[in-house]
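Shown next: data33.txt, containing compact mmCIF, C-alpha atoms and all ligand atoms.
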```
# COMPACT_ATOMS: atom_id res chain seq x y z
CA MET A 208 -19.59 1.26 2.40
CA ALA A 209 -20.63 4.81 1.50
CA VAL A 210 -17.53 6.89 0.94
CA ASP A 211 -17.59 10.41 2.30
CA TYR A 212 -15.28 12.07 -0.20
CA ALA A 213 -15.67 15.53 1.31
CA THR A 214 -14.37 14.33 4.67
CA LEU A 215 -11.56 12.42 3.00
CA LYS A 216 -10.57 15.46 1.01
CA LYS A 217 -10.59 17.63 4.09
CA GLY A 218 -8.17 15.11 5.58
CA GLY A 219 -5.77 15.41 2.64
CA PHE A 220 -6.89 12.33 0.67
CA MET A 221 -6.94 13.24 -3.02
CA ARG A 222 -9.05 10.84 -5.08
CA GLN A 223 -7.06 9.29 -7.90
CA LYS A 224 -8.13 8.23 -11.39
CA GLN A 225 -7.55 4.68 -10.22
CA LYS A 226 -10.61 3.46 -8.34
CA ASN A 227 -10.31 3.33 -4.54
CA HIS A 228 -6.86 4.88 -4.56
CA PHE A 229 -5.85 8.16 -3.00
CA SER A 230 -2.83 10.38 -3.21
CA LEU A 231 -2.34 11.24 0.44
CA ARG A 232 -1.29 14.83 1.00
CA LEU A 233 0.83 15.39 4.09
CA SER A 234 1.04 18.38 6.36
CA VAL A 235 4.33 20.26 5.81
CA VAL A 236 4.98 23.62 7.46
CA GLY A 237 7.44 26.07 5.98
CA GLY A 238 9.01 23.38 3.81
CA GLN A 239 10.69 21.71 6.78
CA VAL A 240 10.52 17.91 7.08
CA SER A 241 12.35 16.08 9.87
CA ALA A 242 14.34 12.88 9.33
CA SER A 243 11.91 10.92 11.50
CA GLN A 244 8.96 12.19 9.46
CA LEU A 245 10.80 11.19 6.30
CA ALA A 246 11.46 7.72 7.72
CA ALA A 247 7.75 7.24 8.51
CA ILE A 248 6.77 8.57 5.08
CA THR A 249 9.23 6.18 3.42
CA LYS A 250 7.79 3.27 5.34
CA VAL A 251 4.22 4.16 4.36
CA ALA A 252 5.15 4.69 0.71
CA GLU A 253 6.84 1.28 0.62
CA LYS A 254 4.22 -0.65 2.53
CA TYR A 255 0.95 1.03 1.48
CA GLY A 256 1.86 3.05 -1.64
CA ARG A 257 4.05 2.25 -4.63
CA GLY A 258 7.41 3.08 -3.13
CA TYR A 259 7.62 6.75 -4.13
CA ILE A 260 6.37 10.17 -3.16
CA HIS A 261 5.41 13.21 -5.20
CA LEU A 262 6.64 16.71 -4.32
CA THR A 263 3.94 19.31 -4.96
CA SER A 264 4.51 22.82 -6.24
CA ARG A 265 3.90 24.32 -2.78
CA GLN A 266 6.43 22.38 -0.68
CA GLY A 267 3.98 19.55 -0.07
CA ILE A 268 4.54 15.81 -0.04
CA GLU A 269 1.97 13.36 -1.42
CA ILE A 270 2.07 9.58 -1.17
CA PRO A 271 0.20 8.24 -4.21
CA PHE A 272 -1.68 4.91 -4.44
CA ILE A 273 -2.90 4.67 -0.85
CA ARG A 274 -5.94 2.37 -0.71
CA LEU A 275 -9.14 3.34 1.03
CA GLU A 276 -9.12 0.35 3.38
CA ASP A 277 -5.61 1.17 4.64
CA ILE A 278 -6.38 4.73 5.69
CA ASP A 279 -6.45 4.14 9.45
CA GLU A 280 -3.26 2.07 9.45
CA VAL A 281 -1.54 4.66 7.30
CA LYS A 282 -2.47 7.49 9.64
CA GLU A 283 -1.13 5.49 12.57
CA ALA A 284 2.14 4.64 10.83
CA LEU A 285 2.64 8.29 9.92
CA ALA A 286 1.89 9.47 13.45
CA GLU A 287 4.71 7.27 14.79
CA GLY A 288 7.19 9.47 12.94
CA GLY A 289 5.38 12.72 13.74
CA ALA A 290 3.85 13.07 10.26
CA SER A 291 0.17 13.66 9.54
CA PRO A 292 -2.23 14.20 6.64
CA GLY A 293 -2.64 17.74 5.36
CA VAL A 294 -5.75 19.48 4.01
CA CYS A 295 -7.35 20.29 0.69
CA GLY A 296 -10.55 22.09 -0.12
CA PRO A 297 -11.88 25.51 0.97
CA ARG A 298 -9.57 26.36 3.85
CA VAL A 299 -6.16 27.73 4.78
CA ARG A 300 -3.57 25.60 2.98
CA THR A 301 0.03 24.65 3.56
CA ILE A 302 2.02 27.62 4.81
CA THR A 303 5.10 27.80 2.61
CA ALA A 304 8.42 29.43 3.51
CA CYS A 305 12.04 29.73 2.45
CA GLN A 306 14.74 29.07 5.03
CA GLY A 307 15.10 32.73 5.95
CA SER A 308 17.67 34.30 8.26
CA ALA A 309 18.33 31.11 10.23
CA VAL A 310 20.26 29.70 7.28
CA CYS A 311 20.33 32.09 4.33
CA PRO A 312 22.94 34.92 4.33
CA ASN A 313 20.40 37.21 2.62
CA GLY A 314 17.60 36.47 5.05
CA CYS A 315 16.05 39.50 6.72
CA ILE A 316 13.53 37.66 8.89
CA GLU A 317 13.15 34.40 10.76
CA THR A 318 10.72 32.30 8.69
CA GLU A 319 10.40 28.84 10.25
CA GLU A 320 8.95 29.89 13.59
CA LEU A 321 6.70 32.40 11.80
CA ALA A 322 5.38 29.63 9.53
CA GLN A 323 4.72 27.46 12.59
CA GLU A 324 2.88 30.30 14.33
CA LEU A 325 0.70 31.03 11.27
CA ASN A 326 0.05 27.30 11.06
CA ARG A 327 -1.08 27.16 14.70
CA ARG A 328 -3.36 30.12 14.14
CA TYR A 329 -4.90 29.37 10.77
CA PHE A 330 -4.12 25.95 9.27
CA GLY A 331 -7.29 24.25 8.10
CA LYS A 332 -9.50 27.23 8.98
CA GLU A 333 -12.74 26.90 7.01
CA LEU A 334 -13.25 29.63 4.42
CA PRO A 335 -15.32 30.26 1.26
CA HIS A 336 -12.41 28.96 -0.87
CA LYS A 337 -8.78 27.93 -0.50
CA PHE A 338 -6.41 30.49 0.98
CA LYS A 339 -2.63 30.40 0.66
CA PHE A 340 0.05 32.00 2.80
CA GLY A 341 3.66 32.18 1.67
CA ILE A 342 6.68 33.59 3.52
CA THR A 343 9.87 34.69 1.78
CA GLY A 344 12.88 35.92 3.72
CA CYS A 345 13.96 38.87 1.57
CA GLN A 346 13.56 40.79 -1.68
CA ASN A 347 15.16 37.92 -3.65
CA ASN A 348 11.70 36.38 -3.27
CA CYS A 349 12.76 32.75 -3.68
CA LEU A 350 9.40 31.76 -2.26
CA LYS A 351 7.43 34.03 -4.63
CA ALA A 352 5.31 35.82 -2.04
CA GLU A 353 2.98 37.57 -4.52
CA GLU A 354 1.64 34.24 -5.84
CA ASN A 355 -0.19 33.78 -2.56
CA ASP A 356 -3.52 35.09 -1.29
CA LEU A 357 -1.45 36.61 1.48
CA GLY A 358 2.27 36.96 0.84
CA ILE A 359 4.78 37.89 3.53
CA LYS A 360 8.16 39.23 2.45
CA GLY A 361 10.90 39.93 4.97
CA GLY A 362 12.88 43.13 5.01
CA VAL A 363 14.98 45.29 7.30
CA ARG A 364 14.75 49.00 8.02
CA VAL A 365 18.31 50.28 7.97
CA SER A 366 19.69 53.23 9.95
CA TRP A 367 23.16 54.58 9.29
CA LEU A 368 25.58 54.85 12.23
CA GLN A 369 27.91 57.71 11.34
CA GLU A 370 30.53 56.99 14.02
CA LYS A 371 31.23 53.50 12.60
CA CYS A 372 31.40 54.50 8.93
CA ILE A 373 34.76 54.48 7.11
CA SER A 374 33.28 56.05 3.94
CA CYS A 375 34.26 53.13 1.74
CA GLY A 376 31.25 53.57 -0.51
CA ILE A 377 30.42 49.87 -0.76
CA CYS A 378 26.84 50.32 0.48
CA ALA A 379 26.01 52.75 -2.32
CA LYS A 380 27.50 50.30 -4.85
CA VAL A 381 25.42 47.34 -3.69
CA CYS A 382 22.12 49.22 -3.40
CA ARG A 383 20.05 48.13 -6.39
CA GLU A 384 17.49 50.87 -5.80
CA LYS A 385 20.08 53.67 -5.92
CA ALA A 386 18.67 54.86 -2.61
CA ILE A 387 22.00 55.73 -0.97
CA ARG A 388 23.77 59.05 -1.53
CA ILE A 389 27.17 59.69 -0.02
CA GLU A 390 28.32 63.28 0.18
CA ASP A 391 31.24 64.61 2.23
CA GLY A 392 31.26 61.53 4.43
CA ASN A 393 27.56 61.85 5.10
CA ILE A 394 25.04 59.22 4.00
CA GLU A 395 21.47 59.90 3.04
CA ILE A 396 18.93 57.16 2.40
CA ASP A 397 16.05 57.98 0.10
CA ARG A 398 13.23 56.26 1.98
CA GLY A 399 10.96 56.50 -1.05
CA LYS A 400 13.35 54.32 -3.04
CA CYS A 401 14.55 51.92 -0.31
CA ASN A 402 12.93 48.49 -0.59
CA TYR A 403 14.25 47.13 2.76
CA CYS A 404 16.52 44.54 1.09
CA GLY A 405 19.33 45.02 3.63
CA ARG A 406 22.14 44.62 1.09
CA CYS A 407 23.83 47.80 2.32
CA ALA A 408 23.92 46.56 5.92
CA PHE A 409 25.03 43.02 5.00
CA SER A 410 27.89 44.37 2.87
CA CYS A 411 29.10 47.15 5.14
CA PRO A 412 32.57 46.13 6.40
CA THR A 413 32.17 47.92 9.74
CA ASP A 414 28.50 47.18 10.41
CA ALA A 415 27.70 50.87 10.20
CA TYR A 416 24.01 50.14 9.73
CA GLU A 417 21.52 49.15 12.36
CA THR A 418 18.79 46.82 11.08
CA ALA A 419 15.25 46.31 12.32
CA PRO A 420 13.37 43.38 10.74
CA GLY A 421 9.82 43.66 9.42
CA TYR A 422 7.30 42.54 6.83
CA LEU A 423 6.01 43.66 3.44
CA LEU A 424 2.60 42.16 2.74
CA SER A 425 0.78 41.44 -0.51
CA PHE A 426 -2.87 40.56 -0.92
CA GLY A 427 -4.92 38.73 -3.52
CA GLY A 428 -2.31 36.77 -5.45
CA LEU A 429 -3.27 33.63 -7.36
CA PHE A 430 -1.48 31.46 -9.85
CA GLY A 431 -3.79 28.86 -11.34
CA ASN A 432 -6.50 29.08 -14.00
CA LYS A 433 -6.35 32.80 -13.52
CA ILE A 434 -3.12 34.58 -12.74
CA SER A 435 -2.76 37.67 -10.66
CA LYS A 436 0.00 39.23 -8.64
CA GLY A 437 -0.72 40.08 -5.00
CA VAL A 438 -0.81 43.82 -4.33
CA THR A 439 1.05 45.64 -1.56
CA VAL A 440 -1.17 48.09 0.27
CA LEU A 441 0.41 48.81 3.62
CA PRO A 442 3.74 50.29 4.71
CA PHE A 443 6.51 48.16 6.23
CA VAL A 444 5.10 46.27 9.23
CA GLU A 445 7.62 46.28 12.07
CA ASP A 446 6.18 43.90 14.67
CA GLN A 447 4.45 40.54 14.78
CA ASP A 448 1.40 41.68 16.77
CA THR A 449 0.55 44.05 13.94
CA LEU A 450 1.31 41.33 11.38
CA PHE A 451 -1.11 38.88 13.01
CA ARG A 452 -3.76 41.57 13.45
CA ILE A 453 -3.58 42.25 9.71
CA CYS A 454 -3.71 38.52 8.85
CA ASP A 455 -6.78 38.11 11.11
CA ALA A 456 -8.45 41.09 9.43
CA ALA A 457 -7.74 39.81 5.91
CA LEU A 458 -9.12 36.33 6.65
CA GLU A 459 -12.17 37.84 8.39
CA PHE A 460 -12.74 40.11 5.39
CA PHE A 461 -12.57 37.09 3.08
CA LYS A 462 -14.92 35.06 5.23
CA GLU A 463 -17.48 37.86 5.47
CA ASN A 464 -17.42 39.07 1.88
CA ALA A 465 -16.64 36.13 -0.38
CA VAL A 466 -19.29 34.00 -2.03
CA PRO A 467 -18.54 30.27 -1.81
CA GLY A 468 -15.96 29.16 -4.37
CA GLU A 469 -14.55 32.63 -4.90
CA ARG A 470 -10.83 33.32 -4.46
CA PHE A 471 -9.69 36.31 -2.42
CA LYS A 472 -8.62 38.24 -5.52
CA PHE A 473 -12.12 38.10 -7.02
CA THR A 474 -13.77 39.04 -3.74
CA ILE A 475 -11.52 42.08 -3.64
CA ASP A 476 -12.41 42.96 -7.25
CA ARG A 477 -16.13 42.50 -6.63
CA VAL A 478 -16.52 44.42 -3.36
CA GLY A 479 -13.83 46.95 -4.19
CA ARG A 480 -10.19 47.27 -3.27
CA GLU A 481 -10.90 50.42 -1.22
CA LYS A 482 -13.02 48.40 1.16
CA LEU A 483 -10.21 45.91 1.79
CA ASP A 484 -7.67 48.73 2.09
CA GLU A 485 -9.81 50.35 4.75
CA THR A 486 -9.96 47.08 6.75
CA LEU A 487 -6.21 46.54 6.40
CA TRP A 488 -5.28 50.09 7.35
CA SER A 489 -7.48 49.88 10.38
CA ALA A 490 -5.73 46.66 11.47
CA PHE A 491 -2.34 48.22 10.71
CA GLU A 492 -3.14 51.16 12.94
CA GLY A 493 -4.14 48.88 15.77
CA ASN A 494 -7.94 48.87 15.66
CA MET B 883 40.84 56.29 9.69
CA VAL B 884 39.04 57.42 6.55
CA ASP B 885 42.08 58.32 4.50
CA ALA B 886 44.68 56.12 6.20
CA ALA B 887 47.21 54.76 3.73
CA TYR B 888 47.38 51.00 3.89
CA THR B 889 50.58 49.28 2.84
CA PRO B 890 49.73 45.97 1.26
CA THR B 891 51.85 42.86 1.73
CA GLU B 892 50.47 41.37 -1.48
CA LYS B 893 48.46 42.50 -4.50
CA VAL B 894 46.07 40.50 -6.63
CA ASP B 895 44.38 41.45 -9.90
CA ILE B 896 40.95 39.90 -10.37
CA THR B 897 39.85 42.00 -13.35
CA ASP B 898 40.76 39.09 -15.66
CA VAL B 899 38.13 36.73 -14.18
CA VAL B 900 34.38 36.74 -13.53
CA CYS B 901 32.23 35.63 -10.58
CA PRO B 902 32.58 33.34 -8.79
CA VAL B 903 36.27 32.94 -9.69
CA THR B 904 36.83 36.55 -8.54
CA PHE B 905 36.14 35.49 -5.00
CA VAL B 906 38.06 32.22 -5.31
CA LYS B 907 41.16 34.12 -6.48
CA THR B 908 40.83 36.58 -3.62
CA LYS B 909 40.41 33.77 -1.13
CA VAL B 910 43.49 31.95 -2.39
CA ALA B 911 45.55 35.17 -2.15
CA LEU B 912 44.34 35.71 1.42
CA GLU B 913 45.34 32.19 2.36
CA GLU B 914 48.98 33.02 1.52
CA LEU B 915 49.02 35.83 4.10
CA GLU B 916 49.57 35.89 7.86
CA ASP B 917 47.05 37.22 10.35
CA GLY B 918 47.06 41.04 10.23
CA GLN B 919 48.73 41.39 6.82
CA ILE B 920 47.06 43.42 4.10
CA LEU B 921 45.93 42.36 0.64
CA GLN B 922 45.24 44.85 -2.13
CA VAL B 923 42.70 43.62 -4.70
CA HIS B 924 42.32 45.23 -8.11
CA LEU B 925 38.72 44.62 -9.23
CA ASN B 926 36.06 45.67 -11.70
CA ASP B 927 32.87 47.64 -11.25
CA GLY B 928 29.55 45.80 -11.36
CA GLU B 929 29.21 42.32 -9.88
CA PRO B 930 32.76 42.05 -8.47
CA VAL B 931 32.53 45.27 -6.44
CA GLN B 932 29.04 44.30 -5.28
CA ASN B 933 29.93 40.76 -4.24
CA VAL B 934 33.62 40.44 -3.35
CA PRO B 935 33.67 42.86 -0.36
CA ARG B 936 30.62 41.14 1.11
CA SER B 937 32.07 37.65 0.62
CA VAL B 938 35.34 38.76 2.24
CA LYS B 939 33.37 40.17 5.19
CA ASP B 940 31.33 36.95 5.50
CA GLU B 941 34.62 35.00 5.67
CA GLY B 942 35.58 37.05 8.71
CA HIS B 943 38.27 39.31 7.25
CA GLN B 944 38.35 43.06 7.69
CA VAL B 945 37.62 45.29 4.72
CA LEU B 946 39.63 48.45 5.31
CA LYS B 947 38.98 50.61 2.32
CA LEU B 948 37.65 50.72 -1.22
CA LYS B 949 39.38 53.14 -3.57
CA ASP B 950 37.61 54.17 -6.78
CA ASN B 951 40.14 54.46 -9.61
CA GLU B 952 37.45 56.22 -11.67
CA ASP B 953 38.24 54.07 -14.69
CA GLY B 954 35.74 51.32 -13.93
CA THR B 955 38.11 49.59 -11.50
CA TYR B 956 38.74 49.73 -7.76
CA GLU B 957 41.38 48.88 -5.18
CA LEU B 958 40.06 46.96 -2.21
CA TYR B 959 42.23 46.77 0.93
CA ILE B 960 41.66 43.77 3.16
CA ARG B 961 43.27 42.88 6.49
CA LYS B 962 43.52 39.14 6.95
CA VAL B 963 41.91 37.89 10.15
CA GLY B 964 43.01 34.45 11.43
CA ASP B 965 45.53 31.99 10.02
C1 LIG C 1 31.92 36.93 -5.50
C2 LIG C 1 31.72 36.05 -6.44
C3 LIG C 1 30.37 35.51 -6.82
C4 LIG C 1 29.42 36.15 -7.54
C5 LIG C 1 29.49 37.52 -8.15
C6 LIG C 1 28.31 35.24 -7.66
C7 LIG C 1 27.14 35.55 -8.34
C8 LIG C 1 26.07 34.71 -8.38
C9 LIG C 1 24.79 35.05 -8.91
C10 LIG C 1 24.41 36.38 -9.51
C11 LIG C 1 23.99 33.96 -8.79
C12 LIG C 1 22.56 33.85 -9.23
C13 LIG C 1 21.65 34.14 -8.09
C14 LIG C 1 20.24 34.18 -8.53
O1 LIG C 1 19.66 33.10 -8.71
O2 LIG C 1 19.71 35.27 -8.67
C15 LIG C 1 24.76 32.91 -8.17
C16 LIG C 1 24.31 31.65 -7.87
C17 LIG C 1 25.11 30.63 -7.43
N1 LIG C 1 26.47 30.72 -7.10
FE1 LIG C 1 27.53 32.37 -7.11
N2 LIG C 1 28.61 34.07 -7.02
C18 LIG C 1 29.86 34.21 -6.48
C19 LIG C 1 30.57 33.27 -5.77
C20 LIG C 1 30.22 31.92 -5.74
C21 LIG C 1 31.07 30.86 -5.23
C22 LIG C 1 32.43 31.08 -4.62
C23 LIG C 1 30.38 29.70 -5.42
C24 LIG C 1 30.78 28.29 -5.09
C25 LIG C 1 32.03 27.86 -5.18
C26 LIG C 1 29.13 30.03 -6.04
C27 LIG C 1 28.17 29.11 -6.36
C28 LIG C 1 26.88 29.46 -6.75
C29 LIG C 1 25.80 28.53 -6.85
C30 LIG C 1 25.84 27.05 -6.54
C31 LIG C 1 24.68 29.28 -7.25
C32 LIG C 1 23.27 28.75 -7.42
C33 LIG C 1 22.99 28.33 -8.79
C34 LIG C 1 21.53 27.99 -8.84
O3 LIG C 1 21.18 26.88 -8.41
O4 LIG C 1 20.76 28.81 -9.33
N3 LIG C 1 29.06 31.38 -6.22
N4 LIG C 1 26.03 33.39 -7.94
S1 LIG C 2 14.09 34.75 -0.30
FE1 LIG C 2 15.94 35.65 0.56
S2 LIG C 2 16.09 34.71 2.58
FE2 LIG C 2 14.72 33.41 1.39
S3 LIG C 2 16.04 31.84 0.49
FE3 LIG C 2 15.81 33.50 -1.01
S4 LIG C 2 17.60 34.78 -0.66
FE4 LIG C 2 17.37 33.53 1.17
S1 LIG C 3 18.04 48.41 2.37
FE1 LIG C 3 18.44 47.88 0.22
S2 LIG C 3 17.27 49.41 -0.95
FE2 LIG C 3 17.43 50.17 1.15
S3 LIG C 3 19.22 51.49 1.12
FE3 LIG C 3 19.94 49.46 1.77
S4 LIG C 3 20.58 48.43 -0.12
FE4 LIG C 3 19.36 50.22 -0.71
S1 LIG C 4 29.50 50.41 3.49
FE1 LIG C 4 29.48 50.99 5.65
S2 LIG C 4 31.47 51.91 6.00
FE2 LIG C 4 31.20 51.82 3.80
S3 LIG C 4 30.32 53.83 3.27
FE3 LIG C 4 28.61 52.45 3.59
S4 LIG C 4 28.08 52.73 5.74
FE4 LIG C 4 30.10 53.59 5.48
```
Translate the structure of the given file into structure tokens.
Ligand code: HEM
Ligand code: SF4
Ligand code: SF4
Ligand code: SF4
Amino acid sequence: MAVDYATLKKGGFMRQKQKNHFSLRLSVVGGQVSASQLAAITKVAEKYGRGYIHLTSRQGIEIPFIRLEDIDEVKEALAEGGASPGVCGPRVRTITACQGSAVCPNGCIETEELAQELNRRYFGKELPHKFKFGITGCQNNCLKAEENDLGIKGGVRVSWLQEKCISCGICAKVCREKAIRIEDGNIEIDRGKCNYCGRCAFSCPTDAYETAPGYLLSFGGLFGNKISKGVTVLPFVEDQDTLFRICDAALEFFKENAVPGERFKFTIDRVGREKLDETLWSAFEGN
Amino acid sequence: MVDAAYTPTEKVDITDVVCPVTFVKTKVALEELEDGQILQVHLNDGEPVQNVPRSVKDEGHQVLKLKDNEDGTYELYIRKVGD
């Protein structure tokens, strides 16, 4: 039988050193795995693998030592628990995310549903090279947004509500950016310094801050053979329509400008950052 | 409201411990109080003043006031909410 490795790889089957064995990469979105998926994965690992899984560096699960001839049965067994193979190769990869505001007290944005939505839109999309999205819920950056080709970091825009304030001064104490100045019972926020972390609002005893969630985006990160930190170009993005418009534009830019096998960062370097900035600004402004 | 004088039922000094024991000590002191009574906490600048008021808020109590002693310490006034 002729083995089509490219197709296998596309379907998440990573060829092992050991002949005819594959480490099967599973599809995980936003780092969330249900108990029924886990049960199916356990079953497959025990029956078709070697009784263990490997956790990858980007919230993925792999089941090593799957044999070529078992592939169809394995897929079926996984499907029973709602699990499925992931992807490798030149396309949009696993969308990673921290738990965000649904669970984390510091979370500024909802991350799970956003990861699912990005997954519906882009997962597996064919591109000149791999492309990684990562979502982190706040400035603590547990999910390391800037490592990704496109990093999404949650934040909140805070507005002070004078009538609720008891002038305790806690907000100014907790602001790491020293962006809050309190003078004669009046609060001024230096918008140039504010990084949208929300610590002032979360700490305020009387909820004297209104918060509006949004996104800080970084472009061109990579963390492999070459290392580079994604760069923030745009202002705070305050709605999801704009967010998705920008994501569409960035992927389209990559598809149009990259040569095969070139990561986003090097496409940006080759064709010029100004050209990408222009595309992103245009998407940001709604065109 | 801003300059109201709060009469504490109890006082606790947490300048002799570091996080997270600062919060644990505060929590234990609050547990001794009845709903509506006031606790005065003596705490240090830095991590304690950044974290303790927020933790107290997250536990559902009411932070009334933070007084800066201007010697690197503060007095935090908390009204206990619930039993
Ligand atoms: C108000 C008091 C507290 C302060 C100032 C404090 C401070 C911190 C800081 C600075 C970190 C490191 C966060 C980072 O990774 O950047 C941390 C982590 C942590 N704290 Fe606290 N904390 C407090 C209360 C507590 C309490 C009450 C507990 C549990 C009883 C606790 C358990 C933990 C744990 C489990 C971690 C995570 C350690 C890790 O896996 O990295 N903390 N805390
Ligand atoms: S990045 Fe923020 S929201 Fe996400 S887990 Fe870390 S602290 Fe929580
Ligand atoms: S959101 Fe964060 S950086 Fe901005 S004023 Fe509040 S605490 Fe400071
Ligand atoms: S923490 Fe809230 S109540 Fe205290 S000074 Fe800041 S805005 Fe006012």
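Near Phe340 in chain A, within a cut-off of 8 Å and counting only C-alpha atoms, sit the residues Val299, Arg300, Thr301, Ile302, Thr303, Asn355, Asp356, Leu357, Gly358 and Ile359 of chain A, with same-chain residues fewer than 6 positions away left out.
For the pair CA of Gln919 in chain B and atom S2 of ligand LIG 4 (chain C), the interatomic distance is 20.2 Å.
For chain A, the residues close to chain B, meaning within 8 Å and counting only C-alpha atoms, are Ile373, Ser374, Cys375, Gly376, Ile377, Lys380, Val381, Phe409, Ser410, Cys411, Pro412 and Thr413 of chain A.
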Taking all listed atoms of ligand LIG 1 (chain C), build the axis-aligned box, pad each of the six sides by 6 Å, then write its centre and edge lengths in Å to one decimal as JSON.
```
{"center_x": 26.0, "center_y": 32.2, "center_z": -7.1, "size_x": 24.8, "size_y": 22.6, "size_z": 16.9}
```
Top pick for closest residue to ligand LIG 1 (chain C), considering A:Cys349, A:Leu483, A:Gly307, A:Gly344 and counting only C-alpha atoms and all ligand atoms |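 For ligand LIG 1 (chain C), the nearest of the candidates is A:Cys349.
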Starting from the point (7.8, 9.2, 3.9), work out which residues of protein, DNA or RNA have an atom no more than 10 Å away when counting only C-alpha atoms; state them as a PyMOL selection string.
-> chain A and resi 233+240+242-253+258-260+268-270+285+288+290
Test item: residues no farther than 12 Å from ligand LIG 3 (chain C), counting only C-alpha atoms and all ligand atoms, as a JSON list (two decimals) with C-alpha atoms, keeping the file's coordinate frame:
```
[["chain", "number", "residue", "atom", "x", "y", "z"],
["A", 313, "ASN", "CA", 20.40, 37.21, 2.62],
["A", 315, "CYS", "CA", 16.05, 39.50, 6.72],
["A", 345, "CYS", "CA", 13.96, 38.87, 1.57],
["A", 346, "GLN", "CA", 13.56, 40.79, -1.68],
["A", 347, "ASN", "CA", 15.16, 37.92, -3.65],
["A", 361, "GLY", "CA", 10.90, 39.93, 4.97],
["A", 362, "GLY", "CA", 12.88, 43.13, 5.01],
["A", 363, "VAL", "CA", 14.98, 45.29, 7.30],
["A", 364, "ARG", "CA", 14.75, 49.00, 8.02],
["A", 365, "VAL", "CA", 18.31, 50.28, 7.97],
["A", 366, "SER", "CA", 19.69, 53.23, 9.95],
["A", 367, "TRP", "CA", 23.16, 54.58, 9.29],
["A", 376, "GLY", "CA", 31.25, 53.57, -0.51],
["A", 377, "ILE", "CA", 30.42, 49.87, -0.76],
["A", 378, "CYS", "CA", 26.84, 50.32, 0.48],
["A", 379, "ALA", "CA", 26.01, 52.75, -2.32],
["A", 380, "LYS", "CA", 27.50, 50.30, -4.85],
["A", 381, "VAL", "CA", 25.42, 47.34, -3.69],
["A", 382, "CYS", "CA", 22.12, 49.22, -3.40],
["A", 383, "ARG", "CA", 20.05, 48.13, -6.39],
["A", 384, "GLU", "CA", 17.49, 50.87, -5.80],
["A", 385, "LYS", "CA", 20.08, 53.67, -5.92],
["A", 386, "ALA", "CA", 18.67, 54.86, -2.61],
["A", 387, "ILE", "CA", 22.00, 55.73, -0.97],
["A", 388, "ARG", "CA", 23.77, 59.05, -1.53],
["A", 389, "ILE", "CA", 27.17, 59.69, -0.02],
["A", 394, "ILE", "CA", 25.04, 59.22, 4.00],
["A", 395, "GLU", "CA", 21.47, 59.90, 3.04],
["A", 396, "ILE", "CA", 18.93, 57.16, 2.40],
["A", 397, "ASP", "CA", 16.05, 57.98, 0.10],
["A", 398, "ARG", "CA", 13.23, 56.26, 1.98],
["A", 399, "GLY", "CA", 10.96, 56.50, -1.05],
["A", 400, "LYS", "CA", 13.35, 54.32, -3.04],
["A", 401, "CYS", "CA", 14.55, 51.92, -0.31],
["A", 402, "ASN", "CA", 12.93, 48.49, -0.59],
["A", 403, "TYR", "CA", 14.25, 47.13, 2.76],
["A", 404, "CYS", "CA", 16.52, 44.54, 1.09],
["A", 405, "GLY", "CA", 19.33, 45.02, 3.63],
["A", 406, "ARG", "CA", 22.14, 44.62, 1.09],
["A", 407, "CYS", "CA", 23.83, 47.80, 2.32],
["A", 408, "ALA", "CA", 23.92, 46.56, 5.92],
["A", 409, "PHE", "CA", 25.03, 43.02, 5.00],
["A", 410, "SER", "CA", 27.89, 44.37, 2.87],
["A", 411, "CYS", "CA", 29.10, 47.15, 5.14],
["A", 415, "ALA", "CA", 27.70, 50.87, 10.20],
["A", 416, "TYR", "CA", 24.01, 50.14, 9.73],
["A", 417, "GLU", "CA", 21.52, 49.15, 12.36],
["A", 418, "THR", "CA", 18.79, 46.82, 11.08],
["A", 419, "ALA", "CA", 15.25, 46.31, 12.32],
["A", 420, "PRO", "CA", 13.37, 43.38, 10.74],
["A", 421, "GLY", "CA", 9.82, 43.66, 9.42],
["B", 932, "GLN", "CA", 29.04, 44.30, -5.28]]
```
Which neighbours of Pro890 in chain B fall inside 7 Å, counting all atoms listed in the file, when residues of the same chain fewer than 4 positions from it are skipped, and could you give them as an MDAnalysis selection string?
-> chainID B and resid 920:922
Non-local contacts of Pro271 in chain A (7 Å; only C-alpha atoms; under 3 positions in same chain excluded) as a list in words |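 That gives Phe229, Ser230, Leu231, Gly256 and Ile260 of chain A.
Restricting the calculation to all atoms listed in the file, the smallest distance between Thr439 in chain A and any of A:Thr474, A:Glu353, A:Val466, A:His261 is found for A:Glu353.
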Distance in Å - CA of Val963 in chain B versus CA of Leu915 in chain B =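 Between these atoms lies a distance of 9.6 Å.
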Skipping near chain neighbours, those fewer than 2 positions away, what residues fall within 7 Å of range 898-905 of chain B using all atoms listed in the file, listed as a list in words?
->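 Residues meeting the cut-off are Ile896, Lys907, Thr908, Lys909, Pro930 and Val934 of chain B.
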Point-to-point distance from CA of Gly954 in chain B to CA of Asn926 in chain B, Å rounded to tenths | 6.1 Å
Best match for closeness to ligand LIG 1 (chain C) among A:Ile273, A:Glu317, A:Asn348, A:Glu492, counting all atoms listed in the file =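 With all atoms listed in the file as the atom set, the closest residue is A:Asn348.
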In file coordinates, which residues lie within 12 Å of (-9.2, 38.7, -8.9) using all atoms listed in the file, given as JSON, numbers by chain?
-> {"A": [356, 426, 427, 428, 429, 430, 431, 432, 433, 434, 435, 436, 437, 438, 465, 469, 470, 471, 472, 473, 474, 475, 476, 477, 478, 479, 480]}
